[in-house]
>>> print(open('run-v7.csv').read())   # CSV, C-alpha atoms
chain,number,residue,atom,x,y,z
A,1067,MET,CA,9.9,-20.5,2.9
A,1068,LEU,CA,7.8,-22.0,5.7
A,1069,GLU,CA,5.8,-24.4,3.5
A,1070,PRO,CA,8.9,-26.3,2.2
A,1071,TRP,CA,10.7,-26.2,5.5
A,1072,GLY,CA,10.5,-29.9,6.1
A,1073,PRO,CA,11.7,-30.9,2.6
A,1074,LEU,CA,14.5,-28.4,2.8
A,1075,GLN,CA,15.6,-29.9,6.1
A,1076,MET,CA,15.7,-33.3,4.5
A,1077,PHE,CA,17.6,-32.1,1.4
A,1078,PHE,CA,20.3,-30.3,3.3
A,1079,THR,CA,20.6,-33.1,5.8
A,1080,ASP,CA,21.3,-35.4,3.0
A,1081,LEU,CA,23.9,-33.0,1.5
A,1082,HIS,CA,25.5,-32.5,4.9
A,1083,TYR,CA,26.1,-36.2,5.7
A,1084,GLN,CA,26.2,-37.8,2.3
A,1085,HIS,CA,27.4,-35.5,-0.5
A,1086,GLN,CA,29.3,-32.8,1.3
A,1087,LYS,CA,32.4,-33.2,-0.9
A,1088,LYS,CA,30.4,-32.3,-4.0
A,1089,TYR,CA,29.4,-28.9,-2.8
A,1090,ASN,CA,30.7,-26.0,-0.7
A,1091,ALA,CA,31.0,-27.6,2.7
A,1092,THR,CA,30.8,-24.3,4.5
A,1093,LEU,CA,27.6,-23.2,2.8
A,1094,VAL,CA,26.0,-26.6,3.2
A,1095,ALA,CA,26.8,-26.6,6.9
A,1096,GLN,CA,25.4,-23.1,7.4
A,1097,ALA,CA,22.1,-24.0,5.7
A,1098,TYR,CA,21.9,-27.2,7.7
A,1099,GLU,CA,22.4,-25.4,11.0
A,1100,MET,CA,19.9,-22.7,10.1
A,1101,LEU,CA,17.1,-25.1,9.0
A,1102,HIS,CA,17.6,-27.1,12.3
A,1103,ASP,CA,17.6,-24.0,14.5
A,1104,PRO,CA,14.1,-23.5,16.0
A,1105,TYR,CA,14.7,-19.8,16.6
A,1106,CYS,CA,15.4,-19.3,12.9
A,1107,ARG,CA,12.1,-20.9,12.0
A,1108,LEU,CA,10.4,-18.9,14.7
A,1109,TYR,CA,11.8,-15.7,13.1
A,1110,TYR,CA,10.4,-16.7,9.7
A,1111,CYS,CA,7.0,-17.3,11.4
A,1112,PHE,CA,7.2,-13.7,12.7
A,1113,LEU,CA,8.1,-12.3,9.3
A,1114,ASP,CA,5.2,-14.3,7.7
A,1115,SER,CA,2.7,-12.6,10.0
A,1116,VAL,CA,4.1,-9.1,9.7
A,1117,LEU,CA,4.8,-9.0,6.0
A,1118,GLN,CA,1.2,-10.1,5.2
A,1119,LYS,CA,0.1,-6.7,6.5
A,1120,PHE,CA,2.3,-4.9,4.0
A,1121,THR,CA,1.2,-7.3,1.2
A,1122,GLN,CA,-2.4,-6.4,1.8
A,1123,PHE,CA,-1.6,-2.7,1.9
A,1124,ASN,CA,0.3,-3.0,-1.4
A,1125,LEU,CA,-2.7,-4.4,-3.1
A,1126,LEU,CA,-4.3,-1.0,-2.9
A,1127,PHE,CA,-1.6,0.4,-5.2
A,1128,GLN,CA,-2.2,-2.4,-7.7
A,1129,SER,CA,-5.9,-1.9,-7.9
A,1130,GLU,CA,-7.5,-0.6,-11.0
A,1131,CYS,CA,-10.4,0.8,-9.0
A,1132,VAL,CA,-10.6,4.3,-7.4
A,1133,VAL,CA,-9.2,3.7,-3.9
A,1134,ILE,CA,-7.8,7.1,-3.1
A,1135,THR,CA,-10.7,7.8,-0.7
A,1136,SER,CA,-9.6,5.0,1.5
A,1137,LEU,CA,-5.9,5.3,1.1
A,1138,HIS,CA,-5.3,7.5,4.1
A,1139,GLY,CA,-7.4,5.3,6.4
A,1140,GLN,CA,-5.6,2.1,5.3
A,1141,ALA,CA,-2.2,3.8,5.8
A,1142,CYS,CA,-3.2,4.9,9.3
A,1143,GLU,CA,-4.5,1.4,10.1
A,1144,LEU,CA,-1.3,-0.2,9.0
A,1145,TYR,CA,0.9,2.2,10.9
A,1146,LYS,CA,-1.1,1.9,14.1
A,1147,ASP,CA,-1.0,-1.9,13.8
A,1148,ILE,CA,2.7,-2.0,13.6
A,1149,LEU,CA,3.2,0.6,16.3
A,1150,LEU,CA,0.9,-1.1,18.8
A,1151,MET,CA,2.9,-4.3,18.5
A,1152,TYR,CA,5.8,-2.8,20.4
A,1153,MET,CA,4.7,0.6,21.8
A,1154,ASN,CA,2.4,1.8,24.6
A,1155,ARG,CA,-1.2,2.1,23.5
A,1156,ASP,CA,-1.7,5.5,25.2
A,1157,TYR,CA,1.2,7.0,23.4
A,1158,VAL,CA,0.0,5.9,20.0
A,1159,MET,CA,-3.7,6.5,20.4
A,1160,LYS,CA,-3.7,9.8,22.3
A,1161,ARG,CA,-1.8,11.9,19.7
A,1162,SER,CA,-1.7,12.5,16.0
A,1163,LEU,CA,0.1,9.8,14.0
A,1164,ALA,CA,2.3,12.5,12.5
A,1165,ASP,CA,3.6,13.3,16.0
A,1166,VAL,CA,4.4,9.7,17.0
A,1167,ASP,CA,8.1,8.9,17.0
A,1168,PRO,CA,8.4,5.1,16.2
A,1169,GLY,CA,11.9,5.1,17.7
A,1170,GLU,CA,11.0,6.6,21.1
A,1171,GLU,CA,12.5,4.0,23.4
A,1172,ARG,CA,10.8,5.4,26.5
A,1173,GLU,CA,7.4,4.3,25.1
A,1174,PHE,CA,8.5,0.8,24.1
A,1175,LEU,CA,6.7,-2.2,25.7
A,1176,MET,CA,8.7,-4.6,27.8
A,1177,LEU,CA,10.3,-7.3,25.6
A,1178,GLU,CA,7.9,-9.9,27.0
A,1179,GLN,CA,4.9,-7.8,26.0
A,1180,VAL,CA,5.9,-7.2,22.4
A,1181,TYR,CA,3.3,-8.9,20.1
A,1182,LEU,CA,5.0,-11.2,17.6
A,1183,GLY,CA,2.1,-12.9,16.0
A,1184,ALA,CA,-0.1,-15.9,16.7
A,1185,SER,CA,2.2,-18.4,15.1
A,1186,VAL,CA,5.1,-17.3,17.3
A,1187,LEU,CA,3.0,-17.4,20.4
A,1188,LYS,CA,1.7,-20.9,19.6
A,1189,ARG,CA,5.2,-22.3,19.1
A,1190,THR,CA,6.7,-20.8,22.2
A,1191,VAL,CA,3.8,-22.1,24.3
A,1192,GLU,CA,4.2,-25.6,22.8
A,1193,ASN,CA,8.0,-25.7,23.2
A,1194,VAL,CA,8.7,-25.1,26.8
A,1195,ALA,CA,12.5,-25.6,26.4
A,1196,MET,CA,12.6,-22.8,23.8
A,1197,TYR,CA,10.6,-20.5,26.0
A,1198,ASN,CA,12.8,-21.1,29.0
A,1199,ASP,CA,16.0,-20.3,27.1
A,1200,ARG,CA,16.1,-16.7,28.3
A,1201,ALA,CA,19.2,-15.6,26.5
A,1202,ARG,CA,18.0,-16.9,23.1
A,1203,MET,CA,14.5,-15.6,23.6
A,1204,LYS,CA,15.8,-12.2,24.5
A,1205,GLU,CA,18.0,-12.1,21.4
A,1206,PHE,CA,15.0,-13.2,19.3
A,1207,ARG,CA,12.6,-10.6,20.7
A,1208,LEU,CA,15.2,-7.8,20.3
A,1209,LYS,CA,15.7,-8.8,16.7
A,1210,CYS,CA,11.9,-8.8,16.0
A,1211,ARG,CA,11.4,-5.5,17.8
A,1212,SER,CA,14.2,-4.0,15.7
A,1213,PHE,CA,12.4,-5.1,12.6
A,1214,LEU,CA,9.2,-3.5,13.7
A,1215,VAL,CA,10.9,-0.2,14.6
A,1216,THR,CA,12.5,-0.1,11.2
A,1217,ALA,CA,9.3,-1.0,9.4
A,1218,ALA,CA,7.4,1.8,11.3
A,1219,LYS,CA,10.1,4.3,10.5
A,1220,GLN,CA,10.0,3.4,6.8
A,1221,VAL,CA,6.2,3.8,6.7
A,1222,LYS,CA,6.4,7.2,8.3
A,1223,LYS,CA,9.2,8.2,5.9
A,1224,ARG,CA,7.2,7.3,2.8
A,1225,TYR,CA,3.8,8.5,3.8
A,1226,ASP,CA,2.8,12.0,5.2
A,1227,PHE,CA,0.1,11.3,7.8
A,1228,GLY,CA,-0.5,15.1,8.1
A,1229,ASP,CA,-1.2,15.5,4.4
A,1230,PRO,CA,-4.1,18.0,4.1
A,1231,VAL,CA,-5.6,16.4,1.0
A,1232,LEU,CA,-5.3,12.7,1.5
A,1233,SER,CA,-6.6,13.0,5.1
A,1234,ARG,CA,-9.8,14.6,3.9
A,1235,LEU,CA,-10.6,12.5,0.8
A,1236,SER,CA,-12.6,10.0,2.9
A,1237,MET,CA,-15.4,12.6,2.8
A,1238,LEU,CA,-16.0,11.7,-0.8
A,1239,ASP,CA,-16.5,8.0,0.0
A,1240,PRO,CA,-20.1,6.9,-0.9
A,1241,ALA,CA,-20.5,5.3,2.6
A,1242,TYR,CA,-19.6,8.6,4.2
A,1243,VAL,CA,-21.8,10.7,2.0
A,1244,VAL,CA,-25.0,8.6,2.3
A,1245,GLY,CA,-24.6,6.5,5.4
A,1246,HIS,CA,-22.5,8.7,7.7
A,1247,GLN,CA,-23.9,8.9,11.3
A,1248,GLY,CA,-23.1,11.6,13.8
A,1249,VAL,CA,-20.9,14.5,13.1
A,1250,ARG,CA,-20.5,15.3,9.3
A,1251,GLU,CA,-18.2,17.8,7.7
A,1252,GLN,CA,-20.3,20.8,6.8
A,1253,SER,CA,-18.0,22.2,4.2
A,1254,LEU,CA,-15.7,21.1,1.4
A,1255,VAL,CA,-13.8,24.4,1.4
A,1256,PRO,CA,-10.8,23.1,3.5
A,1257,LEU,CA,-10.4,20.4,0.8
A,1258,ALA,CA,-11.1,22.7,-2.1
A,1259,SER,CA,-8.6,25.3,-0.9
A,1260,CYS,CA,-5.8,22.6,-1.2
A,1261,LEU,CA,-6.8,22.0,-4.8
A,1262,PRO,CA,-7.0,25.4,-6.5
A,1263,ARG,CA,-6.5,24.0,-10.0
A,1264,ILE,CA,-9.6,21.7,-9.7
A,1265,ILE,CA,-12.2,24.3,-8.7
A,1266,GLU,CA,-12.4,28.1,-9.0
A,1267,GLN,CA,-11.7,29.7,-5.6
A,1268,ASP,CA,-14.2,32.6,-5.9
A,1269,ASP,CA,-16.8,32.9,-3.2
A,1270,LEU,CA,-19.8,32.2,-5.5
A,1271,THR,CA,-18.4,28.9,-6.8
A,1272,LEU,CA,-17.4,27.7,-3.3
A,1273,GLN,CA,-20.7,28.6,-1.8
A,1274,LYS,CA,-22.6,26.8,-4.6
A,1275,GLN,CA,-20.5,23.7,-4.0
A,1276,ASP,CA,-21.1,23.9,-0.2
A,1277,ASP,CA,-24.8,24.3,-0.7
A,1278,GLU,CA,-25.0,21.2,-2.8
A,1279,TRP,CA,-22.8,19.3,-0.4
A,1280,ARG,CA,-24.9,20.2,2.6
A,1281,ARG,CA,-28.1,19.4,0.7
A,1282,LEU,CA,-26.7,15.9,0.0
A,1283,GLY,CA,-26.9,15.2,3.8
A,1284,MET,CA,-30.5,16.4,4.0
A,1285,ASP,CA,-32.2,15.3,0.8
A,1286,ASN,CA,-33.8,11.9,0.2
A,1287,LEU,CA,-31.6,10.8,-2.7
A,1288,PRO,CA,-33.0,8.5,-5.4
A,1289,GLU,CA,-32.9,4.8,-4.7
A,1290,GLU,CA,-30.3,4.1,-7.4
A,1291,VAL,CA,-27.9,6.5,-5.6
A,1292,THR,CA,-28.4,5.2,-2.0
A,1293,SER,CA,-28.3,1.6,-3.1
A,1294,MET,CA,-25.0,2.1,-4.9
A,1295,ALA,CA,-23.5,3.5,-1.7
A,1296,GLN,CA,-25.0,0.9,0.7
A,1297,GLN,CA,-24.3,-2.2,-1.3
A,1298,LYS,CA,-21.5,-4.1,0.4
A,1299,CYS,CA,-19.9,-5.0,-3.0
A,1300,MET,CA,-19.6,-1.3,-3.9
A,1301,ILE,CA,-18.0,-0.4,-0.6
A,1302,LYS,CA,-15.7,-3.4,-0.8
A,1303,GLU,CA,-14.6,-2.8,-4.4
A,1304,LYS,CA,-14.5,1.0,-4.0
A,1305,PHE,CA,-16.3,2.6,-7.0
A,1306,PRO,CA,-16.8,6.1,-5.7
A,1307,ASP,CA,-16.4,7.4,-9.3
A,1308,LYS,CA,-19.5,5.5,-10.4
A,1309,PHE,CA,-21.4,6.8,-7.3
A,1310,TRP,CA,-20.5,10.5,-8.0
A,1311,GLY,CA,-21.3,9.9,-11.7
A,1312,THR,CA,-24.8,8.9,-10.7
A,1313,VAL,CA,-25.1,11.8,-8.3
A,1314,LYS,CA,-24.3,14.2,-11.1
A,1315,THR,CA,-27.3,12.9,-13.1
A,1316,VAL,CA,-29.8,13.7,-10.3
A,1317,VAL,CA,-32.2,16.5,-11.3
A,1318,ASP,CA,-35.0,18.4,-9.6
A,1319,ASP,CA,-38.6,18.7,-10.7
A,1320,LYS,CA,-37.7,21.2,-13.3
A,1321,GLY,CA,-35.0,19.0,-14.8
A,1322,ILE,CA,-32.1,21.1,-13.4
A,1323,PRO,CA,-29.1,19.2,-12.0
A,1324,LYS,CA,-29.2,19.4,-8.2
A,1325,TYR,CA,-25.6,18.3,-7.4
A,1326,GLU,CA,-23.7,19.2,-10.6
A,1327,CYS,CA,-21.0,21.4,-9.0
A,1328,VAL,CA,-20.2,19.1,-6.1
A,1329,ALA,CA,-20.2,16.0,-8.3
A,1330,HIS,CA,-17.9,17.6,-10.8
A,1331,PHE,CA,-15.5,18.6,-8.0
A,1332,ALA,CA,-15.6,15.1,-6.6
A,1333,LEU,CA,-15.0,13.4,-9.9
A,1334,ALA,CA,-12.1,15.7,-10.6
A,1335,VAL,CA,-10.5,14.9,-7.2
A,1336,LEU,CA,-11.0,11.2,-7.8
A,1337,SER,CA,-9.1,11.4,-11.0
A,1338,LEU,CA,-5.9,12.0,-9.1
A,1339,PRO,CA,-3.8,8.9,-9.5
A,1340,HIS,CA,-3.0,6.9,-6.4
A,1341,SER,CA,-0.2,5.0,-8.0
A,1342,ASN,CA,1.5,4.4,-11.4
A,1343,ALA,CA,0.4,0.7,-11.6
A,1344,ASP,CA,-2.2,1.4,-14.4
A,1345,CYS,CA,0.5,3.3,-16.4
A,1346,GLU,CA,3.0,0.5,-16.0
A,1347,ARG,CA,0.4,-2.0,-17.2
A,1348,CYS,CA,-0.3,0.1,-20.3
A,1349,PHE,CA,3.4,0.4,-21.1
A,1350,SER,CA,3.7,-3.4,-20.7
A,1351,ASP,CA,0.8,-3.9,-23.1
A,1352,ILE,CA,2.3,-1.6,-25.7
A,1353,ASN,CA,5.7,-3.3,-25.4
A,1354,ARG,CA,4.1,-6.7,-26.0
A,1355,MET,CA,2.0,-5.2,-28.9
A,1356,LYS,CA,4.7,-3.2,-30.7
A,1357,SER,CA,7.4,-5.9,-31.0
A,1358,LYS,CA,10.3,-6.0,-33.4
A,1359,ASP,CA,8.2,-7.8,-35.9
A,1360,ARG,CA,5.4,-5.2,-35.6
A,1361,ASN,CA,7.5,-2.1,-35.2
A,1362,ARG,CA,5.6,-0.1,-37.8
A,1363,LEU,CA,2.3,-0.1,-35.9
A,1364,LYS,CA,0.9,3.5,-35.8
A,1365,THR,CA,0.0,5.2,-32.6
A,1366,ASP,CA,-3.7,5.3,-33.6
A,1367,THR,CA,-3.7,1.5,-34.2
A,1368,ILE,CA,-2.1,0.8,-30.8
A,1369,ARG,CA,-4.7,3.1,-29.1
A,1370,ASP,CA,-7.6,1.3,-30.8
A,1371,VAL,CA,-6.3,-2.1,-29.7
A,1372,LEU,CA,-5.9,-0.9,-26.2
A,1373,LEU,CA,-9.4,0.5,-26.2
A,1374,ALA,CA,-10.8,-2.8,-27.5
A,1375,LYS,CA,-8.9,-4.7,-24.8
A,1376,GLN,CA,-10.3,-2.3,-22.1
A,1377,CYS,CA,-13.9,-2.8,-23.4
A,1378,VAL,CA,-13.6,-6.6,-23.2
A,1379,HIS,CA,-12.0,-6.4,-19.8
A,1380,TRP,CA,-14.8,-4.1,-18.5
A,1381,LYS,CA,-17.5,-6.6,-19.6
A,1382,GLN,CA,-15.6,-9.4,-17.8
A,1383,ASN,CA,-15.1,-11.4,-21.0
A,1384,ASN,CA,-12.2,-12.6,-23.1
A,1385,CYS,CA,-11.6,-12.6,-26.9
A,1386,THR,CA,-13.5,-15.9,-27.2
A,1387,THR,CA,-16.6,-15.0,-25.2
A,1388,PHE,CA,-17.1,-11.4,-26.1
A,1389,THR,CA,-20.1,-10.5,-28.2
A,1390,PRO,CA,-20.1,-7.1,-29.9
A,1391,SER,CA,-23.3,-5.1,-29.7
A,1392,ARG,CA,-25.3,-3.9,-32.7
A,1393,ALA,CA,-24.1,-0.3,-32.0
A,1394,MET,CA,-20.5,-1.5,-32.2
A,1395,LEU,CA,-21.1,-3.3,-35.4
A,1396,ARG,CA,-22.8,-0.3,-36.9
A,1397,ASN,CA,-19.7,1.8,-36.1
A,1398,MET,CA,-17.4,-0.6,-38.0
A,1399,ASN,CA,-17.5,1.3,-41.2
A,1400,SER,CA,-14.9,2.9,-43.5
A,1401,LYS,CA,-15.5,6.4,-42.2
A,1402,VAL,CA,-14.6,5.4,-38.7
A,1403,LEU,CA,-12.0,2.8,-39.4
A,1404,TYR,CA,-10.2,4.7,-42.2
A,1405,PRO,CA,-10.8,8.4,-41.5
A,1406,SER,CA,-8.2,9.4,-44.1
A,1407,THR,CA,-10.6,8.2,-46.8
A,1408,ALA,CA,-13.6,9.9,-45.5
A,1409,ILE,CA,-15.4,12.7,-47.4
A,1410,ALA,CA,-13.5,16.0,-47.2
A,1411,GLY,CA,-15.0,18.3,-44.6
A,1412,GLU,CA,-16.9,15.5,-42.8
A,1413,GLU,CA,-15.9,14.9,-39.2
A,1414,PRO,CA,-15.1,11.2,-38.4
A,1415,GLN,CA,-16.7,9.6,-35.4
A,1416,ASP,CA,-14.6,9.3,-32.2
A,1417,VAL,CA,-12.8,6.0,-32.1
A,1418,PRO,CA,-14.0,5.1,-28.5
A,1419,ASP,CA,-17.6,5.0,-29.8
A,1420,ILE,CA,-16.7,1.8,-31.6
A,1421,TYR,CA,-16.1,-0.1,-28.4
A,1422,ILE,CA,-18.5,1.4,-25.9
A,1423,ASP,CA,-22.0,0.0,-25.9
>>> encode(input="run-v7.csv", output="structure tokens")
Amino acid sequence: MLEPWGPLQMFFTDLHYQHQKKYNATLVAQAYEMLHDPYCRLYYCFLDSVLQKFTQFNLLFQSECVVITSLHGQACELYKDILLMYMNRDYVMKRSLADVDPGEEREFLMLEQVYLGASVLKRTVENVAMYNDRARMKEFRLKCRSFLVTAAKQVKKRYDFGDPVLSRLSMLDPAYVVGHQGVREQSLVPLASCLPRIIEQDDLTLQKQDDEWRRLGMDNLPEEVTSMAQQKCMIKEKFPDKFWGTVKTVVDDKGIPKYECVAHFALAVLSLPHSNADCERCFSDINRMKSKDRNRLKTDTIRDVLLAKQCVHWKQNNCTTFTPSRAMLRNMNSKVLYPSTAIAGEEPQDVPDIYID
């Protein structure tokens, strides 16, 4: 809306003075007045700065990577950011976010102290007449503060900041496991007790998991594990599942896995979906694939096509640049492609083996 503001002003100015009879005069007049009202544009500048925060947060739920370990931290950061724009810092920072009341008027900042974004501040400083119009500025600031209060209430309504699972999942982040300094959680029992279906709750299993978890903080891990956690690209793109998959392969001098229990638990926890974006994408792919003209496609065929697409996507290629490996080509045989014609009693190979190198 802000980018085409100038052209919109010119367009509705022309309509207002030249072609008013051809259109609804009332609506044209309203649009003309709005586009020439500096406070209206100022409010759009405020919305532009605030809504960007929600857009960035929403990208987490669109991600195909595992971001559940950072979800709680990002939600807390967004909530604090909104609260500190109009509330006293001590009230927000010195208590649990679950206990903060975003509508507590006694903790509101004075209207002149409410932060409305750099763009708003810049325009009010440059336009002295606008700043000196006390009545309009008060009305504008009240409107902006009302938006912030509503936004904070909606965030709190949709996210439980006291959730015992999400608040502890940052422990499984590679940067925390390998590079955490200072106080480190000594046990995974508080997290495991919240997820009884993922790990057995008997004392022996929990103790073995804790022993491996504590050993992770003391042992010198192989270079491929530490480098995976310390690389900036890994932390940025959030691949904790790959990290824990590598940890699971670490063995001692006798070839016995050292962290199998804790890695299995971590991978099971990371399999929890953080959104339904991937499912929706899959449904969209199926709808495009199984059209009215191709309504007799079998489920196995649809699955195979989806797997092929995933393989090409993982290798960052497309259908014109993808080169199948020799292993893939060897698997392209009648026994795999047409299992119904295979020899009786012979087990066909799994379909995914066709696509995974």
>>> closest_residue(input="run-v7.csv", among="A:Leu1182, A:Val1313, A:Ala1343, A:Leu1137", to="Phe1331 of chain A", atoms="all atoms listed in the file")
A:Val1313
>>> atom_distance(input="run-v7.csv", atom1="atom CA of Ser1115 of chain A", atom2="atom CA of Gly1169 of chain A")
21.4 Å
>>> residues_around(input="run-v7.csv", residues="Ala1141 of chain A", least_positions_apart="5", cutoff="9 Å", atoms="all atoms listed in the file", output="PyMOL selection string")
chain A and resi 1123+1136+1146+1221+1225+1227
>>> write_last_selection(input="run-v7.csv", atoms="C-alpha atoms", output="compact mmCIF listing (two decimals), in the frame of the given file")
# COMPACT_ATOMS: atom_id res chain seq x y z
CA PHE A 1123 -1.60 -2.70 1.90
CA SER A 1136 -9.60 5.00 1.50
CA LYS A 1146 -1.10 1.90 14.10
CA VAL A 1221 6.20 3.80 6.70
CA TYR A 1225 3.80 8.50 3.80
CA PHE A 1227 0.10 11.30 7.80
>>> residues_around(input="run-v7.csv", residues="Glu1170 of chain A", least_positions_apart="4", cutoff="9 Å", atoms="all atoms listed in the file", output="MDAnalysis selection string")
chainID A and resid 1153 1166 1174
>>> closest_atom_pairs(input="run-v7.csv", of="segment 1323-1360 of chain A", to="segment 1248-1262 of chain A", cutoff="10 Å", atoms="all atoms listed in the file", output="CSV")
residue,atom,partner,partner_atom,distance
A:Val1328,CA,A:Leu1254,CA,9.0
A:Phe1331,CA,A:Ala1258,CA,8.4
A:Ala1332,CA,A:Ala1258,CA,9.9
A:Val1335,CA,A:Leu1261,CA,8.4
>>> atom_distance(input="run-v7.csv", atom1="atom CA of Lys1401 of chain A", atom2="atom CA of Cys1348 of chain A")
27.4 Å
>>> closest_residue(input="run-v7.csv", among="A:Ile1352, A:Ala1095, A:Cys1345, A:Leu1150", to="Arg1211 of chain A", atoms="only C-alpha atoms")
A:Leu1150
>>> atom_distance(input="run-v7.csv", atom1="atom CA of Thr1386 of chain A", atom2="atom CA of Leu1403 of chain A")
22.4 Å
>>> closest_residue(input="run-v7.csv", among="A:Tyr1157, A:Leu1395, A:Tyr1109, A:Asp1359", to="Met1203 of chain A", atoms="all atoms listed in the file")
A:Tyr1109
